[in-house]
file upload_12.pdb (PDB, C-alpha atoms)
ATOM      1  CA  MET A  42      15.516   7.474  -2.873
ATOM      2  CA  PHE A  43      12.421   5.232  -2.945
ATOM      3  CA  GLU A  44      11.272   5.949   0.607
ATOM      4  CA  ASN A  45      11.540   9.708   0.111
ATOM      5  CA  THR A  46       9.949   9.621  -3.338
ATOM      6  CA  LEU A  47       6.802   7.998  -1.961
ATOM      7  CA  ASP A  48       6.277  10.849   0.492
ATOM      8  CA  ASN A  49       7.290  13.432  -2.106
ATOM      9  CA  TYR A  50       4.702  12.141  -4.584
ATOM     10  CA  ALA A  51       2.014  12.361  -1.896
ATOM     11  CA  HIS A  52       2.800  16.070  -1.506
ATOM     12  CA  SER A  53       3.370  16.989  -5.157
ATOM     13  CA  ASN A  54       0.914  15.001  -7.282
ATOM     14  CA  ASN A  55      -1.942  16.555  -9.273
ATOM     15  CA  LEU A  56      -4.552  15.374  -6.738
ATOM     16  CA  THR A  57      -2.846  16.719  -3.617
ATOM     17  CA  ASN A  58      -5.305  19.605  -3.291
ATOM     18  CA  LEU A  59      -8.352  17.390  -3.790
ATOM     19  CA  ASN A  60     -10.484  17.056  -0.659
ATOM     20  CA  PRO A  61      -8.864  14.322   1.498
ATOM     21  CA  TYR A  62     -12.282  13.064   2.620
ATOM     22  CA  PHE A  63     -13.187  12.371  -1.000
ATOM     23  CA  LYS A  64      -9.941  10.523  -1.698
ATOM     24  CA  ILE A  65     -10.241   8.395   1.425
ATOM     25  CA  LEU A  66     -13.923   7.638   0.806
ATOM     26  CA  LEU A  67     -13.154   6.646  -2.780
ATOM     27  CA  GLY A  68     -10.240   4.431  -1.785
ATOM     28  CA  ILE A  69     -11.888   2.706   1.194
ATOM     29  CA  SER A  70     -15.321   2.146  -0.367
ATOM     30  CA  THR A  71     -13.824   0.808  -3.595
ATOM     31  CA  MET A  72     -11.482  -1.462  -1.651
ATOM     32  CA  ILE A  73     -14.447  -2.907   0.279
ATOM     33  CA  VAL A  74     -16.250  -3.662  -2.994
ATOM     34  CA  SER A  75     -13.115  -5.389  -4.280
ATOM     35  CA  LEU A  76     -12.805  -7.516  -1.144
ATOM     36  CA  VAL A  77     -16.440  -8.669  -1.139
ATOM     37  CA  SER A  78     -16.531  -9.502  -4.845
ATOM     38  CA  THR A  79     -17.216 -13.166  -5.545
ATOM     39  CA  SER A  80     -15.684 -13.059  -9.016
ATOM     40  CA  PRO A  81     -12.342 -11.726 -10.286
ATOM     41  CA  VAL A  82     -13.953  -9.418 -12.854
ATOM     42  CA  ILE A  83     -14.696  -6.429 -10.610
ATOM     43  CA  PRO A  84     -11.349  -6.508  -8.712
ATOM     44  CA  ILE A  85      -9.543  -6.461 -12.084
ATOM     45  CA  VAL A  86     -11.677  -3.509 -13.211
ATOM     46  CA  ILE A  87     -10.920  -1.718  -9.917
ATOM     47  CA  ALA A  88      -7.186  -2.378 -10.220
ATOM     48  CA  LEU A  89      -7.142  -0.983 -13.766
ATOM     49  CA  PHE A  90      -9.294   2.023 -12.867
ATOM     50  CA  MET A  91      -7.218   2.970  -9.819
ATOM     51  CA  SER A  92      -3.970   2.495 -11.740
ATOM     52  CA  ILE A  93      -5.257   4.824 -14.474
ATOM     53  CA  LEU A  94      -6.201   7.411 -11.848
ATOM     54  CA  ILE A  95      -2.773   7.180 -10.226
ATOM     55  CA  ILE A  96      -0.749   7.388 -13.434
ATOM     56  CA  PHE A  97      -2.806   9.670 -15.678
ATOM     57  CA  LYS A  98      -4.848  11.773 -13.245
ATOM     58  CA  ALA A  99      -2.461  12.142 -10.320
ATOM     59  CA  LYS A 100       0.512  12.166 -12.742
ATOM     60  CA  ILE A 101       2.543   9.656 -10.737
ATOM     61  CA  SER A 102       5.529   8.321 -12.673
ATOM     62  CA  TRP A 103       4.519   5.017 -14.247
ATOM     63  CA  ASN A 104       8.057   3.704 -13.720
ATOM     64  CA  PHE A 105       7.865   4.427  -9.992
ATOM     65  CA  TYR A 106       4.342   3.034  -9.758
ATOM     66  CA  LEU A 107       5.357  -0.250 -11.399
ATOM     67  CA  LYS A 108       8.205  -0.629  -8.900
ATOM     68  CA  PHE A 109       5.769   0.163  -6.085
ATOM     69  CA  PHE A 110       3.289  -2.348  -7.529
ATOM     70  CA  PHE A 111       5.826  -5.139  -8.066
ATOM     71  CA  ILE A 112       6.190  -6.246  -4.408
ATOM     72  CA  PRO A 113       2.485  -6.948  -3.661
ATOM     73  CA  PHE A 114       2.153  -8.407  -7.162
ATOM     74  CA  GLY A 115       4.888 -10.915  -6.332
ATOM     75  CA  PHE A 116       3.242 -11.859  -3.024
ATOM     76  CA  GLY A 117      -0.065 -12.177  -4.855
ATOM     77  CA  LEU A 118       1.436 -14.614  -7.363
ATOM     78  CA  LEU A 119       2.823 -16.749  -4.530
ATOM     79  CA  THR A 120      -0.584 -16.769  -2.855
ATOM     80  CA  PHE A 121      -2.202 -17.699  -6.161
ATOM     81  CA  PHE A 122       0.197 -20.607  -6.620
ATOM     82  CA  PHE A 123      -0.192 -22.056  -3.122
ATOM     83  CA  MET A 124      -3.973 -21.708  -3.100
ATOM     84  CA  ALA A 125      -4.227 -23.311  -6.536
ATOM     85  CA  VAL A 126      -2.145 -26.278  -5.347
ATOM     86  CA  PHE A 127      -3.244 -26.804  -1.749
ATOM     87  CA  PHE A 128      -6.867 -25.601  -1.780
ATOM     88  CA  GLY A 129      -9.912 -26.619  -3.707
ATOM     89  CA  VAL A 130     -11.492 -29.876  -4.765
ATOM     90  CA  GLY A 131     -12.671 -31.295  -8.041
ATOM     91  CA  SER A 132     -11.135 -32.667 -11.179
ATOM     92  CA  PRO A 133      -7.419 -31.976 -11.587
ATOM     93  CA  ILE A 134      -6.274 -29.870 -14.514
ATOM     94  CA  LEU A 135      -2.518 -30.060 -13.936
ATOM     95  CA  GLU A 136      -0.284 -32.739 -12.425
ATOM     96  CA  LEU A 137       2.862 -31.187 -10.927
ATOM     97  CA  GLY A 138       4.618 -34.542 -10.649
ATOM     98  CA  LEU A 139       5.915 -33.743  -7.137
ATOM     99  CA  PHE A 140       4.456 -35.280  -3.941
ATOM    100  CA  ASN A 141       1.258 -36.015  -5.891
ATOM    101  CA  LEU A 142       0.419 -32.308  -5.984
ATOM    102  CA  THR A 143      -2.262 -31.276  -8.451
ATOM    103  CA  VAL A 144      -4.042 -28.093  -9.477
ATOM    104  CA  THR A 145      -7.836 -28.362  -9.524
ATOM    105  CA  VAL A 146     -10.387 -26.130 -11.215
ATOM    106  CA  ASP A 147     -11.797 -25.026  -7.886
ATOM    107  CA  GLY A 148      -8.355 -24.295  -6.428
ATOM    108  CA  PHE A 149      -7.276 -22.350  -9.511
ATOM    109  CA  ASN A 150     -10.411 -20.198  -9.494
ATOM    110  CA  LEU A 151     -10.155 -19.579  -5.738
ATOM    111  CA  GLY A 152      -6.481 -18.645  -5.975
ATOM    112  CA  PHE A 153      -7.086 -16.309  -8.898
ATOM    113  CA  LEU A 154      -9.993 -14.660  -7.057
ATOM    114  CA  VAL A 155      -7.829 -13.992  -4.002
ATOM    115  CA  PHE A 156      -5.031 -12.726  -6.263
ATOM    116  CA  THR A 157      -7.317 -10.223  -8.004
ATOM    117  CA  ARG A 158      -8.794  -9.121  -4.681
ATOM    118  CA  MET A 159      -5.280  -8.396  -3.444
ATOM    119  CA  LEU A 160      -4.508  -6.341  -6.550
ATOM    120  CA  GLY A 161      -7.765  -4.402  -6.308
ATOM    121  CA  GLY A 162      -7.313  -3.691  -2.612
ATOM    122  CA  PHE A 163      -3.681  -2.694  -3.018
ATOM    123  CA  THR A 164      -4.355  -0.225  -5.830
ATOM    124  CA  CYS A 165      -7.016   1.436  -3.655
ATOM    125  CA  LEU A 166      -4.553   1.794  -0.777
ATOM    126  CA  ALA A 167      -1.870   2.950  -3.225
ATOM    127  CA  PHE A 168      -4.244   5.639  -4.477
ATOM    128  CA  ILE A 169      -4.654   6.967  -0.917
ATOM    129  CA  ALA A 170      -0.946   6.678  -0.067
ATOM    130  CA  LEU A 171       0.319   8.311  -3.278
ATOM    131  CA  THR A 172      -2.199  11.188  -3.391
ATOM    132  CA  THR A 173      -2.802  12.025   0.290
ATOM    133  CA  PRO A 174      -0.018  13.353   2.555
ATOM    134  CA  MET A 175       0.200  11.540   5.880
ATOM    135  CA  THR A 176      -0.399  14.773   7.791
ATOM    136  CA  GLU A 177      -3.801  15.128   6.119
ATOM    137  CA  LEU A 178      -4.567  11.455   6.665
ATOM    138  CA  PHE A 179      -3.824  11.728  10.379
ATOM    139  CA  SER A 180      -5.982  14.851  10.596
ATOM    140  CA  VAL A 181      -8.908  13.084   8.933
ATOM    141  CA  LEU A 182      -8.530  10.091  11.249
ATOM    142  CA  GLU A 183      -8.519  12.399  14.265
ATOM    143  CA  LEU A 184     -11.632  14.216  13.068
ATOM    144  CA  VAL A 185     -13.501  10.903  12.691
ATOM    145  CA  LYS A 186     -12.697  10.141  16.354
ATOM    146  CA  ILE A 187     -10.037   7.461  15.995
ATOM    147  CA  PRO A 188      -8.570   6.954  19.531
ATOM    148  CA  LYS A 189      -5.823   9.471  20.121
ATOM    149  CA  ILE A 190      -3.380   6.904  21.483
ATOM    150  CA  LEU A 191      -3.591   4.925  18.236
ATOM    151  CA  LEU A 192      -2.987   8.050  16.170
ATOM    152  CA  GLU A 193       0.041   9.053  18.208
ATOM    153  CA  LEU A 194       1.514   5.566  17.957
ATOM    154  CA  ALA A 195       0.940   5.634  14.180
ATOM    155  CA  MET A 196       2.573   9.062  13.862
ATOM    156  CA  LEU A 197       5.597   7.995  15.921
ATOM    157  CA  MET A 198       5.948   4.771  13.922
ATOM    158  CA  TYR A 199       5.704   6.725  10.678
ATOM    159  CA  ARG A 200       8.390   9.143  11.840
ATOM    160  CA  TYR A 201      10.776   6.465  13.099
ATOM    161  CA  ILE A 202      10.453   4.438   9.916
ATOM    162  CA  PHE A 203      12.117   7.349   8.124
ATOM    163  CA  VAL A 204      14.721   7.645  10.878
ATOM    164  CA  LEU A 205      15.590   3.976  10.308
ATOM    165  CA  LEU A 206      15.673   4.315   6.520
ATOM    166  CA  ASP A 207      17.707   7.530   6.568
ATOM    167  CA  GLU A 208      20.283   5.937   8.850
ATOM    168  CA  ALA A 209      20.462   2.835   6.636
ATOM    169  CA  ILE A 210      20.935   4.988   3.521
ATOM    170  CA  ASN A 211      23.707   7.040   5.143
ATOM    171  CA  MET A 212      25.525   3.899   6.265
ATOM    172  CA  TYR A 213      25.131   2.313   2.829
ATOM    173  CA  HIS A 214      26.532   5.356   1.018
ATOM    174  CA  THR A 215      29.423   5.554   3.476
ATOM    175  CA  GLN A 216      30.304   1.920   2.796
ATOM    176  CA  GLU A 217      29.877   2.426  -0.941
ATOM    177  CA  THR A 218      32.339   5.320  -1.047
ATOM    178  CA  ARG A 219      34.883   3.034   0.642
ATOM    179  CA  LEU A 220      34.355   0.362  -2.060
ATOM    180  CA  GLY A 221      32.476  -1.848   0.375
ATOM    181  CA  TYR A 222      30.388  -3.301  -2.468
ATOM    182  CA  SER A 223      33.080  -3.698  -5.103
ATOM    183  CA  SER A 224      32.935  -7.493  -4.939
ATOM    184  CA  LEU A 225      30.573 -10.210  -3.746
ATOM    185  CA  LYS A 226      32.710 -11.014  -0.698
ATOM    186  CA  LYS A 227      32.934  -7.363   0.328
ATOM    187  CA  SER A 228      29.214  -6.869  -0.308
ATOM    188  CA  ILE A 229      28.293  -9.718   2.052
ATOM    189  CA  LYS A 230      30.651  -8.393   4.724
ATOM    190  CA  SER A 231      29.373  -4.818   4.320
ATOM    191  CA  MET A 232      25.722  -5.868   4.510
ATOM    192  CA  GLY A 233      26.467  -7.864   7.658
ATOM    193  CA  MET A 234      28.139  -4.844   9.276
ATOM    194  CA  LEU A 235      25.275  -2.592   8.191
ATOM    195  CA  GLY A 236      22.679  -4.914   9.688
ATOM    196  CA  SER A 237      24.560  -5.373  12.964
ATOM    197  CA  ASN A 238      25.133  -1.652  13.515
ATOM    198  CA  LEU A 239      21.868  -0.303  12.141
ATOM    199  CA  PHE A 240      19.763  -0.993  15.247
ATOM    200  CA  ILE A 241      22.239   0.688  17.598
ATOM    201  CA  ARG A 242      22.671   3.707  15.333
ATOM    202  CA  THR A 243      18.906   4.028  14.879
ATOM    203  CA  TRP A 244      18.330   3.726  18.654
ATOM    204  CA  LEU A 245      20.757   6.586  19.287
ATOM    205  CA  LYS A 246      19.198   8.676  16.516
ATOM    206  CA  GLY A 247      15.755   8.012  17.997
ATOM    207  CA  GLU A 248      16.937   9.221  21.404
ATOM    208  CA  GLN A 249      18.231  12.407  19.791
ATOM    209  CA  THR A 250      14.891  12.885  18.050
ATOM    210  CA  TYR A 251      13.035  12.456  21.344
ATOM    211  CA  ILE A 252      15.297  15.006  23.055
ATOM    212  CA  ALA A 253      14.623  17.420  20.191
ATOM    213  CA  MET A 254      10.874  16.895  20.639
ATOM    214  CA  GLU A 255      11.113  17.548  24.389
ATOM    215  CA  SER A 256      13.079  20.744  23.766
ATOM    216  CA  ARG A 257      10.102  21.878  21.654
ATOM    217  CA  CYS A 258       7.632  21.397  24.527
ATOM    218  CA  TYR A 259       6.569  17.819  23.737
ATOM    219  CA  ASP A 260       4.226  16.775  26.567
ATOM    220  CA  GLY A 261       3.230  13.302  25.366
ATOM    221  CA  SER A 262       0.631  14.563  22.902
ATOM    222  CA  ILE A 263       1.311  15.177  19.213
ATOM    223  CA  LYS A 264      -0.757  17.867  17.533
ATOM    224  CA  THR A 265      -2.035  17.450  13.999
ATOM    225  CA  LEU A 266      -2.479  20.241  11.486
ATOM    226  CA  LYS A 267      -6.214  20.387  10.904
ATOM    227  CA  LYS A 268      -7.371  21.928   7.649
ATOM    228  CA  ASN A 269     -10.590  23.849   7.289
ATOM    229  CA  GLU A 270     -11.835  21.241   4.839
ATOM    230  CA  ASP A 271     -14.920  19.313   5.852
ATOM    231  CA  ILE A 272     -16.774  16.388   4.402
ATOM    232  CA  LYS A 273     -19.335  18.924   3.170
ATOM    233  CA  ASP A 274     -16.613  20.485   1.002
ATOM    234  CA  ILE A 275     -16.408  17.394  -1.212
ATOM    235  CA  GLY A 276     -18.922  18.959  -3.566
ATOM    236  CA  THR A 277     -22.243  17.682  -4.830
ATOM    237  CA  ARG A 278     -20.843  16.699  -8.222
ATOM    238  CA  ASN A 279     -17.931  14.724  -6.762
ATOM    239  CA  LEU A 280     -20.128  13.032  -4.173
ATOM    240  CA  ALA A 281     -22.745  12.091  -6.794
ATOM    241  CA  GLY A 282     -20.022  10.710  -9.058
ATOM    242  CA  LEU A 283     -18.582   8.672  -6.195
ATOM    243  CA  ILE A 284     -21.976   7.193  -5.276
ATOM    244  CA  LEU A 285     -22.764   6.385  -8.924
ATOM    245  CA  PHE A 286     -19.370   4.742  -9.396
ATOM    246  CA  GLU A 287     -19.806   2.550  -6.313
ATOM    247  CA  ILE A 288     -23.343   1.590  -7.369
ATOM    248  CA  ILE A 289     -22.012   0.497 -10.780
ATOM    249  CA  LEU A 290     -19.340  -1.607  -9.076
ATOM    250  CA  VAL A 291     -21.885  -3.207  -6.721
ATOM    251  CA  LEU A 292     -24.130  -4.022  -9.685
ATOM    252  CA  GLY A 293     -21.131  -5.505 -11.440
ATOM    253  CA  VAL A 294     -20.456  -7.712  -8.391
ATOM    254  CA  TYR A 295     -24.082  -8.841  -8.432
ATOM    255  CA  PHE A 296     -24.254  -9.664 -12.138
ATOM    256  CA  THR A 297     -20.865 -11.358 -12.371
ATOM    257  CA  GLY A 298     -21.879 -13.605  -9.456
ATOM    258  CA  ASN A 299     -19.597 -16.590  -8.999
ATOM    259  CA  TYR A 300     -17.947 -16.238 -12.387
ATOM    260  CA  GLY A 301     -14.576 -17.972 -12.467
ATOM    261  CA  VAL A 302     -11.718 -18.241 -14.891
ATOM    262  CA  LEU A 303     -12.573 -20.530 -17.810
ATOM    263  CA  ILE A 304     -10.243 -23.522 -17.924
ATOM    264  CA  LEU A 305     -10.010 -25.437 -21.174
TER     265      LEU A 305
END
call {"tool": "encode", "arguments": {"input": "upload_12.pdb", "output": "structure tokens"}}
result
Amino acid sequence: MFENTLDNYAHSNNLTNLNPYFKILLGISTMIVSLVSTSPVIPIVIALFMSILIIFKAKISWNFYLKFFFIPFGFGLLTFFFMAVFFGVGSPILELGLFNLTVTVDGFNLGFLVFTRMLGGFTCLAFIALTTPMTELFSVLELVKIPKILLELAMLMYRYIFVLLDEAINMYHTQETRLGYSSLKKSIKSMGMLGSNLFIRTWLKGEQTYIAMESRCYDGSIKTLKKNEDIKDIGTRNLAGLILFEIILVLGVYFTGNYGVLIL
């Protein structure tokens, strides 16, 4: 299933054994450059570069990655549309013919810039999520002194997300084997029953999980598995390559300036 495949890819991709500090530094620093860019050129370059890393270097299935990419892409298009219509001033380039709504040059460029920033930022986060197991990510966050209470809340939320999804999948398959989705009418009824019972079933499953944790000496503190890796283990070559790459991106941001999409 999709939710399990995401976690499985994080543990079985070709970059799993790469130093987690390096992967997180690459993802976060590149995402920051994408967000501060004043033109869409560099975010597009970042989105393409990260996608190439994910598909060809980490060996993530391109079919899975496109499905993973589709949801934020759809939200990005909606944002692009609304910003192009409701933001910006200047000469109109398109009359929508509805409530006197128009698309201006400034609004189009602003919307496209935000859209590309979203794509660039998402691909950076996708690179971290698809190549770094959550256990390593939590360990790195703990070693950089993120407050322990925040880490424990994040770990519990991460765990209970899978409890919720597993329960939903089991209920869905049970309904499917009883022909609960053989017609539109039955599908609507089955989805309504699934939604109404899912919270109660998940609550009970969560209580069972908590009891299991207590039986294993849970005292309110969740331990993380710390690796012996350190930020010094990134390697001089990798660190130099990372710095050079970020410098090139920053120079690209500087030279592209306020470049916008050319509208004819």
call {"tool": "atom_distance", "arguments": {"input": "upload_12.pdb", "atom1": "CA of Phe128 in chain A", "atom2": "CA of Val74 in chain A"}}
result
23.9 Å
call {"tool": "axis_aligned_box", "arguments": {"input": "upload_12.pdb", "around": "range 279-282 of chain A", "padding_each_side": "5 Å", "output": "AutoDock Vina command-line options"}}
result
--center_x -20.3 --center_y 12.7 --center_z -6.6 --size_x 14.8 --size_y 14.0 --size_z 14.9
call {"tool": "atom_distance", "arguments": {"input": "upload_12.pdb", "atom1": "CA of Val82 in chain A", "atom2": "CA of Ile69 in chain A"}}
result
18.7 Å
call {"tool": "resolve_selection", "arguments": {"input": "upload_12.pdb", "expression": "the PyMOL selection byres ((chain A and resi 124) around 12)", "output": "PyMOL selection string"}}
result
chain A and resi 117-123+125-130+142-156
call {"tool": "atom_distance", "arguments": {"input": "upload_12.pdb", "atom1": "CA of Glu287 in chain A", "atom2": "CA of Ile169 in chain A"}}
result
16.7 Å
call {"tool": "residues_around", "arguments": {"input": "upload_12.pdb", "residues": "Asn54 in chain A", "least_positions_apart": "4", "cutoff": "12 Å", "atoms": "all atoms listed in the file", "output": "list in words"}}
result
Thr46, Leu47, Asp48, Asn49, Tyr50, Asn58, Leu59, Leu94, Ile95, Ile96, Phe97, Lys98, Ala99, Lys100, Ile101, Ser102, Phe168, Ile169, Ala170, Leu171, Thr172, Thr173 and Pro174 of chain A
call {"tool": "closest_residue", "arguments": {"input": "upload_12.pdb", "among": "A:Pro113, A:Pro61, A:Gly221, A:Gly162", "to": "Pro84 in chain A", "atoms": "only C-alpha atoms"}}
result
A:Gly162
call {"tool": "resolve_selection", "arguments": {"input": "upload_12.pdb", "expression": "the PyMOL selection byres ((chain A and resi 299) around 9)", "output": "list in words"}}
result
Ser78, Thr79, Ser80, Pro81, Val294, Tyr295, Phe296, Thr297, Gly298, Tyr300 and Gly301 of chain A
call {"tool": "write_last_selection", "arguments": {"input": "upload_12.pdb", "atoms": "C-alpha atoms", "output": "CSV table (one decimal), in the coordinates of the input"}}
result
chain,number,residue,atom,x,y,z
A,78,SER,CA,-16.5,-9.5,-4.8
A,79,THR,CA,-17.2,-13.2,-5.5
A,80,SER,CA,-15.7,-13.1,-9.0
A,81,PRO,CA,-12.3,-11.7,-10.3
A,294,VAL,CA,-20.5,-7.7,-8.4
A,295,TYR,CA,-24.1,-8.8,-8.4
A,296,PHE,CA,-24.3,-9.7,-12.1
A,297,THR,CA,-20.9,-11.4,-12.4
A,298,GLY,CA,-21.9,-13.6,-9.5
A,300,TYR,CA,-17.9,-16.2,-12.4
A,301,GLY,CA,-14.6,-18.0,-12.5
call {"tool": "closest_residue", "arguments": {"input": "upload_12.pdb", "among": "A:Leu285, A:Met198, A:Met72, A:Leu206", "to": "Arg158 in chain A", "atoms": "all atoms listed in the file"}}
result
A:Met72
call {"tool": "closest_residue", "arguments": {"input": "upload_12.pdb", "among": "A:Leu239, A:Ile229, A:Ala195, A:Leu67", "to": "Ile210 in chain A", "atoms": "all atoms listed in the file"}}
result
A:Leu239
call {"tool": "resolve_selection", "arguments": {"input": "upload_12.pdb", "expression": "the PyMOL selection byres ((chain A and resi 203) around 12)", "output": "list in words"}}
result
Met42, Phe43, Glu44, Asn45, Thr46, Leu47, Asp48, Met196, Leu197, Met198, Tyr199, Arg200, Tyr201, Ile202, Val204, Leu205, Leu206, Asp207, Glu208, Ala209, Ile210, Asn211, Thr243, Lys246, Gly247 and Thr250 of chain A
call {"tool": "closest_residue", "arguments": {"input": "upload_12.pdb", "among": "A:Asn55, A:Gln249, A:Ser231, A:Ser75", "to": "Leu160 in chain A", "atoms": "all atoms listed in the file"}}
result
A:Ser75
call {"tool": "decode", "arguments": {"input": "upload_12.pdb", "residues": "range 101-121 of chain A", "atoms": "C-alpha atoms", "output": "PDB file, in the first residue's frame"}}
result
ATOM      1  CA  ILE A 101      12.920   5.328  -6.292  1.00  0.00           C
ATOM      2  CA  SER A 102      10.241   4.057  -8.670  1.00  0.00           C
ATOM      3  CA  TRP A 103       9.336   6.889 -11.032  1.00  0.00           C
ATOM      4  CA  ASN A 104       5.722   5.683 -11.066  1.00  0.00           C
ATOM      5  CA  PHE A 105       5.511   5.929  -7.277  1.00  0.00           C
ATOM      6  CA  TYR A 106       7.304   9.275  -7.253  1.00  0.00           C
ATOM      7  CA  LEU A 107       4.879  10.777  -9.777  1.00  0.00           C
ATOM      8  CA  LYS A 108       1.938   9.669  -7.627  1.00  0.00           C
ATOM      9  CA  PHE A 109       3.679  11.146  -4.581  1.00  0.00           C
ATOM     10  CA  PHE A 110       4.353  14.356  -6.527  1.00  0.00           C
ATOM     11  CA  PHE A 111       0.831  14.706  -7.936  1.00  0.00           C
ATOM     12  CA  ILE A 112      -0.904  15.945  -4.743  1.00  0.00           C
ATOM     13  CA  PRO A 113       1.338  18.984  -4.027  1.00  0.00           C
ATOM     14  CA  PHE A 114       1.452  19.664  -7.770  1.00  0.00           C
ATOM     15  CA  GLY A 115      -2.342  19.919  -7.799  1.00  0.00           C
ATOM     16  CA  PHE A 116      -2.367  22.267  -4.794  1.00  0.00           C
ATOM     17  CA  GLY A 117       0.356  24.307  -6.470  1.00  0.00           C
ATOM     18  CA  LEU A 118      -1.737  24.712  -9.623  1.00  0.00           C
ATOM     19  CA  LEU A 119      -4.704  25.911  -7.555  1.00  0.00           C
ATOM     20  CA  THR A 120      -2.472  28.415  -5.776  1.00  0.00           C
ATOM     21  CA  PHE A 121      -1.096  29.563  -9.123  1.00  0.00           C
TER      22      PHE A 121
END
